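Take a look at the structure below.
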Amino acid sequence: MTEATLDIGEVVAHTGLAPSALRFYEQRGLTASSGRNGLRRTYDADVLDRLALIACAREAGFGIAEIARFLSAGPDDRDLRDRMAVKVEELDVLIARLTRMRAGLRHAVHCDHEPLVACPEFKQTLNPAK
């Protein structure tokens, strides 16, 4: 194997993914192995970047089909760009909600209010519209 090639065990070690997940992504066309070293699949090192993108997209709520479409899209795919714009809005809402939750938890760590969730400042952090 060359330096730029990783076997499936090395990819698993770098990413924390199960070998079955790597095989699943390959079956779905999200990744491709570069060959075999005996019975073990091998991958070009750039698979790590692709898997990082896939993991980030999965954590953001993208489905496998959406990720596959994104990975193969060109700049002229207007429908995909429109759907990406909708996803941006959804992520902005989620990020705002998680940011409020984080602020509430930071406050709760040091709050002496009994019970913590009844604290007016905690409540204000989670629901700023009030």
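Lettering and numbering for the structure tokens are positional, with chains as A, B, ... in the shown order, residues counted from 1 in each chain, and ligands counted from 1 in the shown order.
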- Message: Which residues are close to range 48-64 of chain A, i.e. within 10 Å by only C-alpha atoms, leaving aside same-chain residues fewer than 2 positions away? Reply as a PyMOL selection string.
- Response: chain A and resi 6+11-12+14-15+17+22+25+28-31+43-46+66-71+87+90-91+94-95
Restricting it to C-alpha atoms, dump the selection as a compact mmCIF listing (two decimals), in the first residue's frame.
```
# COMPACT_ATOMS: atom_id res chain seq x y z
CA LEU A 6 -5.65 3.44 3.87
CA VAL A 11 -10.27 4.44 8.07
CA VAL A 12 -12.24 3.02 11.01
CA HIS A 14 -9.48 7.70 11.96
CA THR A 15 -13.25 8.16 11.78
CA LEU A 17 -17.18 4.56 12.00
CA LEU A 22 -18.19 2.24 5.43
CA TYR A 25 -21.76 4.27 2.32
CA ARG A 28 -25.04 3.89 -1.56
CA GLY A 29 -22.40 5.54 -3.74
CA LEU A 30 -21.21 8.02 -1.10
CA THR A 31 -17.69 6.60 -1.07
CA TYR A 43 -9.39 3.72 0.30
CA ASP A 44 -7.58 6.77 -0.99
CA ALA A 45 -6.70 9.09 1.90
CA ASP A 46 -9.14 11.75 0.65
CA GLU A 66 -29.73 14.07 0.10
CA ILE A 67 -26.04 13.61 0.79
CA ALA A 68 -25.59 11.47 -2.31
CA ARG A 69 -27.29 14.11 -4.42
CA PHE A 70 -25.15 16.85 -2.90
CA LEU A 71 -21.92 14.91 -3.47
CA LYS A 87 -31.84 23.62 4.71
CA GLU A 90 -33.70 25.14 9.02
CA LEU A 91 -30.16 24.99 10.36
CA LEU A 94 -31.78 24.87 15.02
CA ILE A 95 -28.54 26.73 15.78
```
- What are the DSSP alpha helix (DSSP H) residues of range 54-102 of chain A, as a VMD selection string? chain A and resid 54 to 59 64 to 72 78 to 102
- Item | Every residue of chain A that DSSP places in strand (DSSP E or B), as a ChimeraX atom specification | /A:5-7,35-37,40-44
File of the preceding selection, N, CA and C atoms, as an mmCIF file, in the first residue's frame:
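Final file, out.cif:
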```cif
data_model
loop_
_atom_site.group_PDB
_atom_site.id
_atom_site.type_symbol
_atom_site.label_atom_id
_atom_site.label_comp_id
_atom_site.auth_asym_id
_atom_site.auth_seq_id
_atom_site.Cartn_x
_atom_site.Cartn_y
_atom_site.Cartn_z
ATOM 1 N N THR A 5 -2.898 5.560 0.623
ATOM 2 C CA THR A 5 -3.942 4.544 0.678
ATOM 3 C C THR A 5 -4.101 4.055 2.117
ATOM 4 N N LEU A 6 -5.345 3.933 2.529
ATOM 5 C CA LEU A 6 -5.649 3.442 3.873
ATOM 6 C C LEU A 6 -6.485 2.178 3.749
ATOM 7 N N ASP A 7 -6.219 1.203 4.616
ATOM 8 C CA ASP A 7 -7.115 0.054 4.594
ATOM 9 C C ASP A 7 -8.316 0.364 5.476
ATOM 10 N N GLY A 35 -9.569 -0.310 -3.927
ATOM 11 C CA GLY A 35 -9.124 -1.661 -4.233
ATOM 12 C C GLY A 35 -9.155 -2.522 -2.987
ATOM 13 N N ARG A 36 -8.279 -3.520 -2.985
ATOM 14 C CA ARG A 36 -8.216 -4.440 -1.848
ATOM 15 C C ARG A 36 -6.763 -4.752 -1.529
ATOM 16 N N ASN A 37 -6.551 -4.997 -0.272
ATOM 17 C CA ASN A 37 -5.279 -5.509 0.205
ATOM 18 C C ASN A 37 -5.621 -6.841 0.857
ATOM 19 N N ARG A 40 -9.185 -7.091 2.633
ATOM 20 C CA ARG A 40 -9.567 -5.802 3.220
ATOM 21 C C ARG A 40 -9.677 -4.722 2.155
ATOM 22 N N ARG A 41 -10.765 -3.967 2.216
ATOM 23 C CA ARG A 41 -10.939 -2.833 1.320
ATOM 24 C C ARG A 41 -9.868 -1.792 1.615
ATOM 25 N N THR A 42 -9.458 -1.083 0.570
ATOM 26 C CA THR A 42 -8.550 0.049 0.734
ATOM 27 C C THR A 42 -9.225 1.290 0.170
ATOM 28 N N TYR A 43 -8.808 2.437 0.692
ATOM 29 C CA TYR A 43 -9.390 3.716 0.300
ATOM 30 C C TYR A 43 -8.274 4.727 0.082
ATOM 31 N N ASP A 44 -8.492 5.645 -0.850
ATOM 32 C CA ASP A 44 -7.580 6.770 -0.990
ATOM 33 C C ASP A 44 -7.740 7.641 0.247
#
```
